[in-house]
$ cat my_file32.txt   # compact mmCIF, C-alpha atoms
# COMPACT_ATOMS: atom_id res chain seq x y z
CA MET A 1 130.49 98.14 101.55
CA ARG A 2 130.60 94.65 103.03
CA GLY A 3 128.21 91.77 102.70
CA GLY A 4 126.46 93.43 99.82
CA TRP A 5 123.58 92.06 97.88
CA GLY A 6 122.11 88.63 98.37
CA CYS A 7 119.74 86.89 95.94
CA ARG A 8 118.21 83.96 97.80
CA PHE A 9 115.96 80.96 97.36
CA GLY A 10 117.37 79.93 94.00
CA MET A 11 117.04 83.28 92.24
CA ALA A 12 120.15 84.35 90.35
CA CYS A 13 120.94 88.03 90.01
CA THR A 14 122.52 87.46 86.62
CA ALA A 15 119.35 85.85 85.32
CA LEU A 16 117.35 88.91 86.30
CA LEU A 17 119.75 91.29 84.63
CA SER A 18 119.81 89.37 81.37
CA SER A 19 116.21 90.35 80.69
CA SER A 20 116.12 93.88 82.07
CA ALA A 21 119.52 95.60 82.07
CA THR A 22 120.10 98.22 79.39
CA ALA A 23 122.59 101.02 78.91
CA GLN A 24 120.52 103.43 80.99
CA GLU A 25 120.48 101.01 83.93
CA THR A 26 124.16 100.08 83.97
CA PRO A 27 126.68 101.30 86.58
CA LYS A 28 126.40 104.81 88.02
CA GLY A 29 129.73 105.95 89.35
CA ASN A 30 131.25 103.28 91.55
CA PHE A 31 128.02 101.26 91.77
CA GLU A 32 126.88 98.34 89.65
CA LEU A 33 123.33 97.16 89.12
CA VAL A 34 122.54 93.76 90.64
CA TRP A 35 118.73 93.63 90.68
CA ALA A 36 116.02 95.61 88.92
CA ASP A 37 112.46 95.71 87.74
CA GLU A 38 111.89 98.10 84.83
CA PHE A 39 108.21 97.13 84.54
CA ASP A 40 108.60 96.52 80.83
CA ARG A 41 106.00 93.75 80.55
CA ASP A 42 102.31 94.63 80.82
CA GLY A 43 100.13 92.57 83.12
CA ALA A 44 100.52 91.42 86.69
CA PRO A 45 103.67 92.26 88.67
CA ASP A 46 106.43 89.74 87.90
CA PRO A 47 105.87 86.77 90.27
CA ALA A 48 109.58 85.95 90.13
CA LYS A 49 110.29 89.27 91.83
CA TRP A 50 107.20 90.24 93.83
CA ASN A 51 104.81 88.76 96.39
CA TRP A 52 101.31 89.94 97.25
CA ASP A 53 101.35 90.78 100.98
CA ILE A 54 97.91 90.04 102.44
CA PHE A 55 98.62 88.46 105.84
CA ALA A 56 96.66 90.94 107.98
CA ASN A 57 93.59 91.42 105.80
CA LYS A 58 91.29 89.42 108.05
CA THR A 59 92.47 90.83 111.37
CA GLY A 60 93.16 94.36 110.16
CA TRP A 61 96.39 96.19 109.38
CA HIS A 62 98.62 98.13 111.75
CA ASN A 63 98.07 101.77 112.72
CA GLY A 64 94.34 101.44 112.24
CA GLU A 65 94.78 101.42 108.46
CA ARG A 66 91.54 101.10 106.56
CA GLN A 67 92.50 99.23 103.38
CA TYR A 68 92.15 95.66 102.20
CA TYR A 69 95.24 94.55 100.24
CA ALA A 70 94.04 92.57 97.23
CA ALA A 71 96.11 89.89 95.50
CA ASP A 72 96.13 89.15 91.76
CA ARG A 73 93.75 91.98 91.02
CA PRO A 74 94.69 94.39 88.19
CA GLU A 75 92.32 97.01 89.53
CA ASN A 76 94.75 97.38 92.45
CA ALA A 77 98.16 96.54 90.97
CA ARG A 78 99.22 96.10 87.36
CA VAL A 79 102.09 96.88 85.01
CA GLU A 80 101.10 99.13 82.14
CA ASN A 81 103.11 101.23 79.67
CA GLY A 82 106.36 100.80 81.56
CA ARG A 83 104.99 101.54 85.00
CA LEU A 84 103.80 99.62 88.02
CA ILE A 85 100.48 101.17 89.03
CA ILE A 86 99.20 100.57 92.57
CA THR A 87 95.66 101.89 92.92
CA ALA A 88 93.65 102.53 96.08
CA ARG A 89 89.88 102.44 95.60
CA LYS A 90 86.78 103.19 97.63
CA GLU A 91 85.07 99.79 97.57
CA MET A 92 84.31 96.75 99.70
CA LEU A 93 85.54 93.38 98.43
CA SER A 94 83.38 91.49 100.89
CA ASP A 95 83.16 88.43 98.64
CA ARG A 96 86.80 87.61 99.38
CA ALA A 97 87.43 84.98 102.06
CA ASP A 98 90.05 87.05 103.89
CA HIS A 99 88.10 90.31 103.82
CA GLY A 100 88.06 92.05 107.20
CA GLY A 101 85.33 94.60 106.62
CA GLN A 102 87.56 97.26 105.08
CA GLY A 103 85.92 99.95 102.95
CA TYR A 104 88.93 100.51 100.70
CA SER A 105 91.10 98.29 98.50
CA SER A 106 94.75 98.65 97.52
CA ALA A 107 97.91 96.54 97.09
CA ARG A 108 101.14 95.83 98.93
CA LEU A 109 104.05 94.11 97.18
CA THR A 110 107.24 92.68 98.71
CA THR A 111 110.44 90.99 97.58
CA GLN A 112 110.50 88.71 100.66
CA GLY A 113 112.11 85.37 99.86
CA LYS A 114 112.96 86.53 96.35
CA ALA A 115 115.41 89.41 96.79
CA GLU A 116 116.95 90.33 100.14
CA PHE A 117 119.93 92.50 100.94
CA THR A 118 122.18 93.76 103.72
CA SER A 119 123.70 96.81 102.03
CA GLY A 120 123.64 98.61 98.73
CA LEU A 121 121.96 101.49 97.01
CA ILE A 122 118.20 101.30 96.49
CA GLU A 123 116.52 103.58 93.97
CA VAL A 124 112.80 103.73 93.26
CA ARG A 125 111.55 106.20 90.67
CA ALA A 126 107.97 107.09 91.49
CA LYS A 127 105.14 109.60 91.25
CA LEU A 128 103.08 109.78 94.43
CA PRO A 129 99.30 109.92 94.84
CA CYS A 130 97.68 113.09 96.13
CA GLY A 131 94.93 113.22 98.71
CA GLU A 132 94.72 113.60 102.46
CA GLY A 133 94.60 110.18 104.09
CA LEU A 134 96.69 108.36 101.49
CA TRP A 135 99.90 106.71 102.70
CA PRO A 136 102.27 105.69 99.89
CA ALA A 137 105.48 104.08 101.12
CA ILE A 138 108.74 102.53 99.95
CA TRP A 139 110.28 100.67 102.87
CA THR A 140 112.10 97.59 104.17
CA LEU A 141 111.63 94.98 106.88
CA GLY A 142 114.01 92.40 108.30
CA ALA A 143 114.01 89.02 106.59
CA THR A 144 115.32 86.89 109.45
CA THR A 145 113.99 88.29 112.73
CA PRO A 146 110.72 90.05 113.62
CA TRP A 147 110.26 93.79 114.02
CA PRO A 148 111.45 95.76 115.94
CA ASP A 149 114.51 93.56 116.57
CA SER A 150 115.45 93.66 112.90
CA GLY A 151 114.49 97.31 112.43
CA SER A 152 112.73 98.87 109.47
CA ILE A 153 113.73 101.57 107.02
CA ASP A 154 111.17 103.95 105.54
CA ILE A 155 112.90 105.04 102.35
CA MET A 156 109.93 107.20 101.40
CA GLU A 157 106.69 108.17 103.08
CA PHE A 158 104.61 111.13 101.95
CA ASP A 159 102.92 113.73 104.12
CA ARG A 160 100.33 115.23 101.79
CA LYS A 161 99.36 117.98 104.25
CA ALA A 162 102.89 119.35 104.26
CA SER A 163 103.92 118.31 100.72
CA ALA A 164 106.88 116.67 102.41
CA VAL A 165 108.68 113.38 101.88
CA THR A 166 110.11 111.68 104.96
CA GLY A 167 112.78 109.04 105.46
CA THR A 168 112.85 107.28 108.82
CA VAL A 169 114.66 104.54 110.72
CA HIS A 170 112.83 102.41 113.29
CA ASN A 171 114.46 99.92 115.67
CA ILE A 172 114.58 98.98 119.35
CA SER A 173 116.49 102.13 120.27
CA THR A 174 113.80 104.36 118.70
CA SER A 175 110.90 102.40 120.23
CA GLY A 176 108.18 104.64 121.59
CA THR A 177 109.14 107.51 119.30
CA ALA A 178 108.35 108.51 115.73
CA GLY A 179 111.73 107.07 114.76
CA ASN A 180 114.93 108.77 113.66
CA GLY A 181 114.19 110.59 110.44
CA GLY A 182 114.34 113.60 108.20
CA ARG A 183 111.99 115.38 105.83
CA VAL A 184 112.22 117.47 102.71
CA ASP A 185 109.63 119.51 100.82
CA VAL A 186 108.84 118.13 97.35
CA ALA A 187 106.23 120.46 95.91
CA ASP A 188 105.63 118.40 92.76
CA ALA A 189 105.79 114.92 94.32
CA CYS A 190 102.26 114.21 93.09
CA GLY A 191 102.83 115.58 89.61
CA ALA A 192 106.32 114.42 88.66
CA PHE A 193 108.55 111.38 88.99
CA HIS A 194 111.48 111.52 91.39
CA ASP A 195 114.23 109.08 92.41
CA TYR A 196 113.76 108.06 96.04
CA GLN A 197 117.06 106.61 97.25
CA LEU A 198 118.72 104.90 100.17
CA LEU A 199 122.47 104.34 100.40
CA TRP A 200 123.08 101.60 102.98
CA THR A 201 126.65 100.96 104.12
CA PRO A 202 128.07 99.39 107.30
CA ARG A 203 128.64 102.93 108.57
CA GLU A 204 125.36 104.71 107.85
CA LEU A 205 122.01 104.92 106.13
CA ARG A 206 121.79 107.92 103.81
CA PHE A 207 118.42 109.10 102.48
CA ALA A 208 118.22 111.13 99.27
CA ILE A 209 115.92 112.37 96.54
CA ASP A 210 117.29 112.76 93.01
CA GLY A 211 120.81 112.29 94.33
CA LYS A 212 120.54 114.97 97.03
CA PRO A 213 120.88 113.68 100.62
CA TYR A 214 118.55 115.03 103.29
CA HIS A 215 119.06 112.67 106.25
CA ARG A 216 121.74 110.37 107.64
CA TYR A 217 121.52 107.72 110.33
CA ALA A 218 124.96 106.66 111.60
CA ASN A 219 126.02 103.32 113.04
CA ALA A 220 127.03 104.31 116.58
CA GLY A 221 128.73 100.97 117.20
CA THR A 222 126.62 100.32 120.31
CA GLY A 223 125.00 97.09 119.20
CA MET A 224 121.87 95.60 117.67
CA ALA A 225 119.36 97.84 119.44
CA GLN A 226 120.72 100.85 117.57
CA TRP A 227 122.09 99.12 114.45
CA PRO A 228 120.30 95.88 113.48
CA PHE A 229 121.16 96.55 109.84
CA ASP A 230 123.82 93.87 109.41
CA LYS A 231 121.04 91.38 108.68
CA ALA A 232 119.06 90.98 105.47
CA HIS A 233 116.01 93.08 104.64
CA TYR A 234 113.44 92.92 101.85
CA LEU A 235 111.71 95.73 99.98
CA ILE A 236 108.03 96.73 100.24
CA LEU A 237 105.91 98.97 98.01
CA SER A 238 102.53 99.86 99.49
CA LEU A 239 99.67 102.32 99.31
CA ALA A 240 97.71 102.40 102.55
CA VAL A 241 94.66 104.38 103.59
CA ARG A 242 95.30 106.05 106.90
CA GLY A 243 93.29 105.13 109.95
CA ALA A 244 93.62 106.29 113.53
CA ASP A 245 96.31 108.88 112.77
CA GLY A 246 94.70 110.50 109.74
CA GLU A 247 91.16 110.30 108.45
CA VAL A 248 90.38 110.45 104.76
CA ALA A 249 89.05 113.94 104.13
CA ASN A 250 87.10 113.30 100.93
CA ASP A 251 86.34 110.01 99.18
CA ALA A 252 86.39 111.92 95.90
CA ILE A 253 90.18 111.40 95.83
CA PHE A 254 89.61 107.76 94.87
CA PRO A 255 90.77 105.99 92.81
CA ALA A 256 94.30 107.14 93.67
CA ARG A 257 97.40 105.92 91.80
CA PHE A 258 100.94 105.29 93.06
CA GLU A 259 103.09 104.94 89.93
CA ILE A 260 106.58 103.41 89.86
CA GLU A 261 108.83 103.54 86.78
CA HIS A 262 111.64 101.38 88.10
CA VAL A 263 113.15 99.71 91.13
CA ARG A 264 116.94 99.31 91.01
CA ILE A 265 119.38 97.87 93.50
CA TYR A 266 123.10 98.60 93.18
CA ARG A 267 126.14 97.43 95.07
CA GLN A 268 129.54 99.04 95.30
CA ARG A 269 132.08 97.72 92.83
CA PRO A 270 135.17 95.98 94.23
CA ARG A 271 138.20 98.22 94.52
CA GLY A 272 140.26 98.35 91.36
CA SER A 273 137.43 97.29 89.05
CA VAL A 274 136.18 99.47 86.22
CA ALA A 275 132.52 100.11 85.47
CA VAL A 276 131.34 100.28 81.87
CA ASP A 277 128.01 101.24 80.39
CA GLY A 278 125.95 99.25 77.88
CA ALA A 279 128.06 100.62 75.01
CA GLY A 280 131.29 99.47 76.64
CA GLN A 281 132.35 102.96 77.69
CA GLN A 282 134.03 103.49 81.04
CA VAL A 283 131.89 105.24 83.66
CA GLY A 284 133.39 107.72 86.10
CA ASP A 285 133.83 107.20 89.82
CA ALA A 286 131.56 109.94 91.12
CA ALA A 287 129.31 108.76 93.91
CA MET A 288 125.65 108.41 93.03
CA ILE A 289 124.49 110.14 96.18
CA GLY A 290 126.57 113.16 97.08
CA GLU A 291 128.34 113.98 100.27
$ encode --input "my_file32.txt" --output "structure tokens"
Amino acid sequence: MRGGWGCRFGMACTALLSSSATAQETPKGNFELVWADEFDRDGAPDPAKWNWDIFANKTGWHNGERQYYAADRPENARVENGRLIITARKEMLSDRADHGGQGYSSARLTTQGKAEFTSGLIEVRAKLPCGEGLWPAIWTLGATTPWPDSGSIDIMEFDRKASAVTGTVHNISTSGTAGNGGRVDVADACGAFHDYQLLWTPRELRFAIDGKPYHRYANAGTGMAQWPFDKAHYLILSLAVRGADGEVANDAIFPARFEIEHVRIYRQRPRGSVAVDGAGQQVGDAAMIGE
């Protein structure tokens, strides 16, 4: 894995790990942890790691989405009992200066400018909200060039109607399509926590749940239109309310909670190095996401 992880804008990876790394978060196989949020401090999301993304509130969000993304509002995003809780609500926050007339509120958090990466293994342990019309997502956008030139990676989106999780790649070469993706049935996605994972190498993007791959997107070597993933991306956690492509069936589903237990970013260890856990014991070399 080349390039690897990049912590930018004055943020040191080692400083982050000193406050959050424990034995359970240390290397898995031939990967080592370089960035994490274990959500172990109640209150607002850690401002050293997360931004509130609110840029399109006034004009309206893409895809006809119907939510207003609130900033610094615990009713929509807070850390509590070891979990980040993003909550979508049926309400109008019309007293806010950037309100665009939306009838729902929610939150969207990003690591832009705080933690950006060009390869690695991303793992988000989450329990998804139920309800037709909800759109929970774990995804990335390019940090240096606009979409679609830089591509985007949907690590997890949830299709409540089909009880299916999807992982999808979007870029110039997939423009005009639903993207290049795969899907897998997860019957208890709304009732249990699962590890939603992306292994990103110079050769491929590999999507997995609980260590089991279900889709691969290969680097065809044909250039940026098909593989813009040599440039840095940042992570996004969001809970949207669908618009033009999916109406909310029943407002009784609100409030709806998207719960995240951890976000962890790993990189591959250099060849010849040995990984150890928090007790100083050597960890085996099995890959975290299987072949």
$ closest_atom_pairs --input "my_file32.txt" --of "stretch 186-264 of chain A" --to "stretch 162-171 of chain A" --cutoff "10 Å" --atoms "only C-alpha atoms" --output "CSV"
residue,atom,partner,partner_atom,distance
A:Val186,CA,A:Ala164,CA,5.6
A:Ala187,CA,A:Ser163,CA,5.8
A:Asp188,CA,A:Ser163,CA,8.1
A:Ala189,CA,A:Ser163,CA,7.5
A:Cys190,CA,A:Ser163,CA,8.8
A:Tyr196,CA,A:Val165,CA,9.4
A:Gln197,CA,A:Gly167,CA,9.6
A:Leu198,CA,A:Gly167,CA,9.0
A:Leu205,CA,A:Val169,CA,8.7
A:Arg206,CA,A:Gly167,CA,9.2
A:Phe207,CA,A:Gly167,CA,6.4
A:Ala208,CA,A:Gly167,CA,8.5
A:Ile209,CA,A:Val165,CA,9.1
A:Tyr214,CA,A:Gly167,CA,8.6
A:His215,CA,A:Gly167,CA,7.3
A:Arg216,CA,A:Gly167,CA,9.3
A:Tyr217,CA,A:Val169,CA,7.6
A:Met224,CA,A:Asn171,CA,8.8
A:Ala225,CA,A:Asn171,CA,6.5
A:Gln226,CA,A:Asn171,CA,6.6
A:Trp227,CA,A:Asn171,CA,7.8
A:Pro228,CA,A:Asn171,CA,7.4
A:Phe229,CA,A:Asn171,CA,9.5
$ atom_distance --input "my_file32.txt" --atom1 "atom CA of A:Val263" --atom2 "atom CA of A:Ala71"
20.1 Å
$ closest_atom_pairs --input "my_file32.txt" --of "stretch 134-206 of chain A" --to "stretch 100-119 of chain A" --cutoff "12 Å" --atoms "all atoms listed in the file" --output "Markdown table"
| residue | atom | partner | partner_atom | distance |
| --- | --- | --- | --- | --- |
| A:Leu134 | CA | A:Ser106 | CA | 10.7 |
| A:Trp135 | CA | A:Ser106 | CA | 10.9 |
| A:Pro136 | CA | A:Arg108 | CA | 10.0 |
| A:Ala137 | CA | A:Arg108 | CA | 9.6 |
| A:Ile138 | CA | A:Leu109 | CA | 10.0 |
| A:Trp139 | CA | A:Thr110 | CA | 9.5 |
| A:Thr140 | CA | A:Thr110 | CA | 8.8 |
| A:Leu141 | CA | A:Gln112 | CA | 8.9 |
| A:Gly142 | CA | A:Glu116 | CA | 8.9 |
| A:Ala143 | CA | A:Gln112 | CA | 6.9 |
| A:Thr144 | CA | A:Glu116 | CA | 10.1 |
| A:Ser150 | CA | A:Thr118 | CA | 11.4 |
| A:Ile153 | CA | A:Thr118 | CA | 12.0 |
| A:Leu198 | CA | A:Ser119 | CA | 9.7 |
| A:Leu199 | CA | A:Ser119 | CA | 7.8 |
| A:Trp200 | CA | A:Ser119 | CA | 4.9 |
| A:Thr201 | CA | A:Ser119 | CA | 5.5 |
| A:Pro202 | CA | A:Ser119 | CA | 7.3 |
| A:Arg203 | CA | A:Ser119 | CA | 10.2 |
| A:Glu204 | CA | A:Ser119 | CA | 10.0 |
| A:Leu205 | CA | A:Ser119 | CA | 9.2 |
| A:Arg206 | CA | A:Ser119 | CA | 11.4 |
$ closest_residue --input "my_file32.txt" --among "A:Leu93, A:Asp98, A:Ile253, A:His262" --to "A:Thr59" --atoms "all atoms listed in the file"
A:Asp98
$ atom_distance --input "my_file32.txt" --atom1 "atom CA of A:Asp53" --atom2 "atom CA of A:Phe258"
16.5 Å
$ closest_residue --input "my_file32.txt" --among "A:His194, A:Arg89, A:Arg269, A:Lys212" --to "A:Leu239" --atoms "only C-alpha atoms"
A:Arg89
